[in-house]
Every structure is written in structure tokens, then in C-alpha cells.
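**Student:** Pasting query_19.cif here (mmCIF, C-alpha atoms):
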```cif
data_query
#
loop_
_atom_site.label_atom_id
_atom_site.label_comp_id
_atom_site.auth_asym_id
_atom_site.auth_seq_id
_atom_site.Cartn_x
_atom_site.Cartn_y
_atom_site.Cartn_z
CA MET A 1 -8.86 1.09 15.71
CA CYS A 2 -11.18 4.05 15.16
CA VAL A 3 -10.28 6.15 12.11
CA ARG A 4 -12.17 9.41 11.85
CA PRO A 5 -11.49 13.11 11.31
CA GLY A 6 -9.86 14.74 14.31
CA LEU A 7 -7.81 11.69 15.30
CA ALA A 8 -4.22 10.81 14.43
CA ALA A 9 -3.92 8.97 11.12
CA PRO A 10 -2.59 5.42 11.55
CA GLU A 11 1.11 5.08 10.80
CA PHE A 12 2.24 2.58 8.15
CA LYS A 13 5.37 1.50 6.31
CA THR A 14 5.48 -0.15 2.89
CA GLN A 15 7.19 -0.17 -0.49
CA ALA A 16 6.26 2.28 -3.21
CA TYR A 17 7.00 2.70 -6.89
CA PHE A 18 7.99 6.28 -7.77
CA PRO A 19 7.49 8.18 -11.05
CA ASN A 20 11.25 8.19 -11.70
CA GLY A 21 11.27 4.38 -11.64
CA GLU A 22 12.66 4.01 -8.11
CA ILE A 23 11.30 1.47 -5.67
CA LYS A 24 11.83 2.31 -2.01
CA ASP A 25 10.33 2.07 1.45
CA ILE A 26 8.04 4.84 2.60
CA SER A 27 6.12 5.55 5.79
CA LEU A 28 3.43 8.08 6.61
CA SER A 29 5.79 9.80 9.07
CA ASP A 30 8.17 10.58 6.17
CA TYR A 31 5.69 13.24 5.11
CA LYS A 32 5.09 14.95 8.45
CA GLY A 33 4.86 18.69 7.91
CA LYS A 34 3.03 18.26 4.59
CA TRP A 35 -0.58 17.67 3.74
CA VAL A 36 -0.96 14.06 2.63
CA MET A 37 -3.76 12.58 0.56
CA LEU A 38 -3.99 8.79 0.72
CA PHE A 39 -5.76 7.62 -2.41
CA PHE A 40 -6.78 3.98 -2.00
CA TYR A 41 -7.98 2.21 -5.13
CA PRO A 42 -8.85 -1.47 -5.76
CA ALA A 43 -6.23 -2.69 -8.22
CA ASP A 44 -4.02 -2.02 -11.23
CA PHE A 45 -5.17 -3.11 -14.68
CA THR A 46 -8.83 -2.61 -13.82
CA PHE A 47 -11.41 -0.24 -15.31
CA VAL A 48 -12.47 2.68 -13.12
CA CYS A 49 -9.05 2.90 -11.43
CA PRO A 50 -7.08 4.31 -14.38
CA THR A 51 -9.73 6.99 -14.92
CA GLU A 52 -9.34 8.07 -11.29
CA LEU A 53 -5.54 8.28 -11.46
CA VAL A 54 -5.86 10.37 -14.62
CA ASP A 55 -8.20 12.70 -12.71
CA VAL A 56 -5.69 13.01 -9.84
CA ALA A 57 -2.82 13.73 -12.23
CA LYS A 58 -4.86 16.48 -13.90
CA TYR A 59 -4.76 18.46 -10.65
CA LYS A 60 -1.02 18.03 -10.00
CA ASP A 61 -0.22 21.77 -10.25
CA GLU A 62 -3.04 22.75 -7.91
CA LEU A 63 -2.09 20.05 -5.41
CA GLU A 64 1.54 21.17 -5.41
CA LYS A 65 0.48 24.77 -4.72
CA LEU A 66 -1.48 23.47 -1.72
CA ASN A 67 1.56 21.48 -0.49
CA VAL A 68 -0.34 18.21 -0.83
CA GLN A 69 1.55 14.94 -1.28
CA VAL A 70 -0.53 12.20 -2.92
CA ILE A 71 0.14 8.54 -2.20
CA ALA A 72 -1.86 6.10 -4.34
CA ILE A 73 -2.37 2.72 -2.63
CA SER A 74 -3.58 -0.64 -3.93
CA ILE A 75 -3.09 -4.33 -3.13
CA ASP A 76 -0.65 -4.75 -6.05
CA THR A 77 3.11 -5.22 -5.75
CA VAL A 78 5.44 -2.39 -6.72
CA PHE A 79 6.47 -4.45 -9.76
CA VAL A 80 2.88 -4.59 -11.01
CA HIS A 81 2.67 -0.82 -10.42
CA LYS A 82 5.76 -0.40 -12.61
CA VAL A 83 4.33 -2.45 -15.46
CA TRP A 84 0.94 -0.72 -15.25
CA GLN A 85 2.64 2.67 -15.36
CA GLU A 86 4.61 1.67 -18.45
CA VAL A 87 1.85 -0.23 -20.27
CA GLU A 88 -1.24 1.90 -19.62
CA LEU A 89 -0.93 4.94 -17.36
CA SER A 90 1.86 6.53 -19.41
CA LYS A 91 -0.45 6.39 -22.41
CA LEU A 92 -3.24 8.17 -20.53
CA ILE A 93 -1.13 10.69 -18.60
CA PRO A 94 1.73 12.66 -20.20
CA GLY A 95 4.84 11.50 -18.34
CA GLY A 96 2.89 8.86 -16.45
CA PHE A 97 1.25 9.02 -13.02
CA PRO A 98 3.24 11.67 -11.10
CA TYR A 99 2.95 10.31 -7.55
CA PRO A 100 4.25 7.31 -5.60
CA MET A 101 2.17 4.15 -5.90
CA ALA A 102 2.31 2.17 -2.66
CA SER A 103 1.89 -1.58 -2.28
CA ASP A 104 -0.65 -2.85 0.24
CA LEU A 105 -0.26 -6.61 0.02
CA GLY A 106 -3.01 -8.36 1.96
CA GLY A 107 -4.78 -5.05 2.61
CA LYS A 108 -2.88 -4.33 5.83
CA ILE A 109 -2.91 -0.55 5.33
CA GLY A 110 -6.47 -0.64 4.04
CA THR A 111 -7.48 -2.52 7.19
CA LEU A 112 -5.92 0.21 9.35
CA TYR A 113 -8.02 2.79 7.50
CA GLY A 114 -11.18 0.68 7.36
CA VAL A 115 -11.35 0.34 3.57
CA TYR A 116 -10.14 -3.23 2.96
CA ASP A 117 -12.92 -5.46 1.62
CA GLU A 118 -11.98 -9.01 2.68
CA ASN A 119 -14.56 -10.62 0.42
CA ALA A 120 -13.31 -8.84 -2.69
CA GLY A 121 -9.67 -8.90 -1.58
CA VAL A 122 -9.16 -5.24 -2.51
CA ASN A 123 -9.37 -1.79 -0.97
CA LEU A 124 -12.46 0.34 -1.54
CA ARG A 125 -12.02 3.77 -3.08
CA GLY A 126 -10.97 5.61 0.08
CA THR A 127 -9.65 9.17 0.12
CA PHE A 128 -8.05 10.44 3.34
CA LEU A 129 -6.60 13.92 3.91
CA ILE A 130 -4.01 14.18 6.67
CA ASP A 131 -2.77 17.54 7.92
CA PRO A 132 0.87 18.51 8.64
CA ASP A 133 0.45 17.37 12.26
CA GLY A 134 -0.64 13.89 11.19
CA VAL A 135 -4.31 14.43 12.04
CA LEU A 136 -7.00 13.13 9.71
CA GLN A 137 -9.13 15.96 8.31
CA PHE A 138 -11.58 14.18 6.04
CA SER A 139 -12.32 10.76 4.65
CA ILE A 140 -14.50 9.68 1.74
CA VAL A 141 -15.13 6.04 0.88
CA ASN A 142 -16.76 4.98 -2.38
CA TYR A 143 -17.83 1.46 -3.27
CA LEU A 144 -15.94 -0.29 -6.08
CA PRO A 145 -18.01 0.71 -9.15
CA ILE A 146 -18.13 4.44 -8.29
CA GLY A 147 -15.29 6.74 -9.34
CA ARG A 148 -14.38 9.87 -7.43
CA ASN A 149 -14.48 13.55 -8.42
CA MET A 150 -11.16 15.35 -7.90
CA GLU A 151 -12.77 18.77 -8.31
CA GLU A 152 -14.80 18.14 -5.15
CA ILE A 153 -11.84 16.61 -3.34
CA LEU A 154 -9.75 19.69 -4.18
CA ARG A 155 -12.52 21.90 -2.80
CA LEU A 156 -12.51 19.94 0.44
CA ILE A 157 -8.73 20.27 0.72
CA GLN A 158 -9.02 24.03 0.26
CA ALA A 159 -11.74 24.20 2.91
CA CYS A 160 -9.68 22.18 5.40
CA GLN A 161 -6.66 24.39 4.82
CA HIS A 162 -8.73 27.56 5.21
CA VAL A 163 -10.17 26.39 8.54
CA ARG A 164 -6.69 25.45 9.76
CA ALA A 165 -5.29 28.83 8.66
CA THR A 166 -7.94 30.64 10.73
CA GLY A 167 -7.28 28.48 13.78
CA GLY A 168 -10.85 27.23 13.60
CA ALA A 169 -12.31 30.73 13.91
CA GLU A 170 -14.05 30.34 10.55
CA ALA A 171 -16.18 27.52 9.18
CA CYS A 172 -16.95 26.75 5.53
CA PRO A 173 -20.64 26.47 4.62
CA ALA A 174 -22.13 24.20 1.95
CA SER A 175 -20.35 24.30 -1.43
CA TRP A 176 -17.83 26.86 -0.14
CA LYS A 177 -14.98 27.76 -2.48
CA PRO A 178 -11.97 30.04 -1.91
CA GLY A 179 -13.03 33.67 -1.96
CA LYS A 180 -16.57 32.88 -0.90
CA LYS A 181 -18.17 33.84 2.40
CA THR A 182 -17.33 31.84 5.52
CA LEU A 183 -19.12 31.66 8.85
CA LYS A 184 -17.75 32.66 12.25
CA PRO A 185 -19.36 30.33 14.81
CA SER A 186 -20.50 32.11 17.95
CA ALA A 187 -23.40 32.18 20.35
CA GLU A 188 -24.64 35.29 18.56
CA LEU A 189 -24.78 33.48 15.20
CA ALA A 190 -26.87 30.57 16.49
CA GLY A 191 -30.31 30.75 14.88
CA LYS A 192 -29.29 33.73 12.74
CA VAL A 193 -27.30 32.18 9.91
CA TYR A 194 -29.95 33.57 7.54
CA GLU A 195 -28.70 37.06 8.34
CA VAL A 196 -25.20 36.46 6.98
CA TRP A 197 -25.60 33.61 4.48
CA LYS A 198 -28.15 33.01 1.72
CA PRO A 199 -29.09 29.75 -0.07
CA SER A 200 -28.02 31.40 -3.34
CA GLU A 201 -24.42 31.06 -2.11
CA ILE A 202 -24.61 27.35 -3.01
CA ASP A 203 -25.18 28.10 -6.68
CA ASN A 204 -22.77 31.00 -7.09
#
```
Give the structure from this file in C-alpha cells form.
**Tutor:**
Amino acid sequence: MCVRPGLAAPEFKTQAYFPNGEIKDISLSDYKGKWVMLFFYPADFTFVCPTELVDVAKYKDELEKLNVQVIAISIDTVFVHKVWQEVELSKLIPGGFPYPMASDLGGKIGTLYGVYDENAGVNLRGTFLIDPDGVLQFSIVNYLPIGRNMEEILRLIQACQHVRATGGAEACPASWKPGKKTLKPSAELAGKVYEVWKPSEIDN
């Protein structure tokens, strides 16, 4: 299966541990109509992983304003998720990790999304943004030792939402942030980007 931006995100169903202590079945289709960020990480009780979940939790308010539902996914059972939340995450994050933590036993979901490393037996650090229509908008995959940057991920979400809001009439140049200049692709703009956009925009 080919997984890339512009194609429908693969459907899945699994169990998840929720912040309120519930364990229940979830599927990707449960969240149709919302923006969904799948946040694959290797495993509970590891080293880089808790730092990443702390970084995600830090942006909870911003993600809620953008109507983004986060689903964290690893190869652990929901019961291991529960213990990790109680033993470690709740000590790093006030109130604990605020999003569902899905179980991907055997890397079945990770395989669908191309992030399951069979040799290591875990998922790579894959981040996938899915729009309200179920279409994948961006994917980022980091190797195991490299943690992600939620500030950049948030910027990408904002860019994807801006492009969708304009119906594709506007494009976001390098390092674009909300309020900054966009580009309007057209035959007239080809070869003349220098007239409307300057390299200094990257630094400002």
C-alpha cells in the first residue's frame, strides 16, 4: 500500500488507553470531520519517547484551537500504557498525557503507514496529519534516536489548514507562519517569485 500526502489515510481499528483511565476500541473513521495527528513512537518506558510526549502535551491548547485530535501509537499494550502514564508521564506532564494512547501489537498499524521496523520490532517516529476528509496531508518519519520538534509540526499543521481554507488558491513558502505572506500560483508568477517574496521572509 502506498502512503503519501494526497491519498486516503489507511483505516485501522485498535484498543486505546484514554487520559480518564478508560480502555476502549477506536478506529480512524471515528474521527472523520476532525484533523487527526497520528504520533507513532517506538515504545513506553524508553528514553526519547517521554520527552516527545511531553512536547506534544505542551501544545494541547494550540492543537485544540486547530481542531486537531492526537493519537499516540506504540507497540505496547493498553495496560502498559496505563502503567507508564501512572508511573512516569504523570510526573512529567501535569495531569498526565492528555490524548489517547493506542496499542499497535505486532506493528500492524505501523506497517500500514510504512513506519514499522521489523528488525527492531518497534515503530519509527512517524507523524502523519490527516484532514477532515481522511486524506493524508503530511508525513514525517524520524529514525529511533532522533526526537521531533512540535513547534515545527504545529507550523506545518497551520500551513496545511491555511491551504485547505483557501481551496488551494494559496501556497505557503519556506518557513511560512500564520500572518506571513503566501504565494498565489499562476502562470504569471512562474519565474517571478522574486517580485513578491524575498529571502528575508525566512528569517522574519
**Student:** What does the distance from CA of Ile23 in chain A to CA of Val122 in chain A come to in Å, to one decimal?
**Tutor:**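 Taking CA of Ile23 in chain A and CA of Val122 in chain A, their separation equals 21.8 Å.
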**Student:** Can you list, as an MDAnalysis selection string, every protein, DNA or RNA residue that comes within 12 Å of Ser186 in chain A when you count all atoms listed in the file, leaving out same-chain residues fewer than 5 positions away?
**Tutor:** chainID A and resid 168:171 191:193
**Student:** Go ahead and save the residues from that selection, with C-alpha atoms, as a compact mmCIF listing (two decimals), in the frame of the given file.
**Tutor:**
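Everything below was put into selection-v9.txt:
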```
# COMPACT_ATOMS: atom_id res chain seq x y z
CA GLY A 168 -10.85 27.23 13.60
CA ALA A 169 -12.31 30.73 13.91
CA GLU A 170 -14.05 30.34 10.55
CA ALA A 171 -16.18 27.52 9.18
CA GLY A 191 -30.31 30.75 14.88
CA LYS A 192 -29.29 33.73 12.74
CA VAL A 193 -27.30 32.18 9.91
```
**Student:** Would you mind listing what lies within 12 Å of Asp117 in chain A as a PyMOL selection string, with all atoms listed in the file counted and same-chain residues fewer than 2 positions away left out?
**Tutor:** chain A and resi 40-42+74-75+106-115+119-126+141-144
**Student:** So what does the PyMOL selection byres ((chain A and resi 201) around 12) actually pick up in this one, as a list in words?
**Tutor:** Cys172, Pro173, Ala174, Ser175, Trp176, Lys177, Gly179, Lys180, Lys181, Thr182, Tyr194, Val196, Trp197, Lys198, Pro199, Ser200, Ile202, Asp203 and Asn204 of chain A
**Student:** Using only C-alpha atoms, which of A:Cys49, A:Ala190, A:Ala43, A:Leu63 sits nearest Arg148 in chain A?
**Tutor:**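 Closest to Arg148 in chain A of all the choices is A:Cys49.
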**Student:** Let me know the residues the PyMOL selection byres ((chain A and resi 160) around 12) catches in the file above, as a short mmCIF file (atom, residue, chain, number, x, y, z; two decimals) with C-alpha atoms, keeping the file's coordinate frame.
**Tutor:**
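File written: part-v9.cif
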```
data_model
loop_
_atom_site.label_atom_id
_atom_site.label_comp_id
_atom_site.auth_asym_id
_atom_site.auth_seq_id
_atom_site.Cartn_x
_atom_site.Cartn_y
_atom_site.Cartn_z
CA PRO A 5 -11.49 13.11 11.31
CA GLY A 6 -9.86 14.74 14.31
CA TRP A 35 -0.58 17.67 3.74
CA LEU A 66 -1.48 23.47 -1.72
CA VAL A 68 -0.34 18.21 -0.83
CA LEU A 129 -6.60 13.92 3.91
CA ILE A 130 -4.01 14.18 6.67
CA ASP A 131 -2.77 17.54 7.92
CA PRO A 132 0.87 18.51 8.64
CA VAL A 135 -4.31 14.43 12.04
CA LEU A 136 -7.00 13.13 9.71
CA GLN A 137 -9.13 15.96 8.31
CA PHE A 138 -11.58 14.18 6.04
CA SER A 139 -12.32 10.76 4.65
CA ILE A 153 -11.84 16.61 -3.34
CA LEU A 154 -9.75 19.69 -4.18
CA ARG A 155 -12.52 21.90 -2.80
CA LEU A 156 -12.51 19.94 0.44
CA ILE A 157 -8.73 20.27 0.72
CA GLN A 158 -9.02 24.03 0.26
CA ALA A 159 -11.74 24.20 2.91
CA GLN A 161 -6.66 24.39 4.82
CA HIS A 162 -8.73 27.56 5.21
CA VAL A 163 -10.17 26.39 8.54
CA ARG A 164 -6.69 25.45 9.76
CA ALA A 165 -5.29 28.83 8.66
CA THR A 166 -7.94 30.64 10.73
CA GLY A 167 -7.28 28.48 13.78
CA GLY A 168 -10.85 27.23 13.60
CA GLU A 170 -14.05 30.34 10.55
CA ALA A 171 -16.18 27.52 9.18
CA CYS A 172 -16.95 26.75 5.53
CA PRO A 173 -20.64 26.47 4.62
CA TRP A 176 -17.83 26.86 -0.14
CA LYS A 177 -14.98 27.76 -2.48
CA PRO A 178 -11.97 30.04 -1.91
#
```
**Student:** Record the distance separating CA of Pro10 in chain A and CA of Leu28 in chain A, expressed in Å with one decimal.
**Tutor:**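 Rounded to one decimal, the two atoms are 8.2 Å apart.
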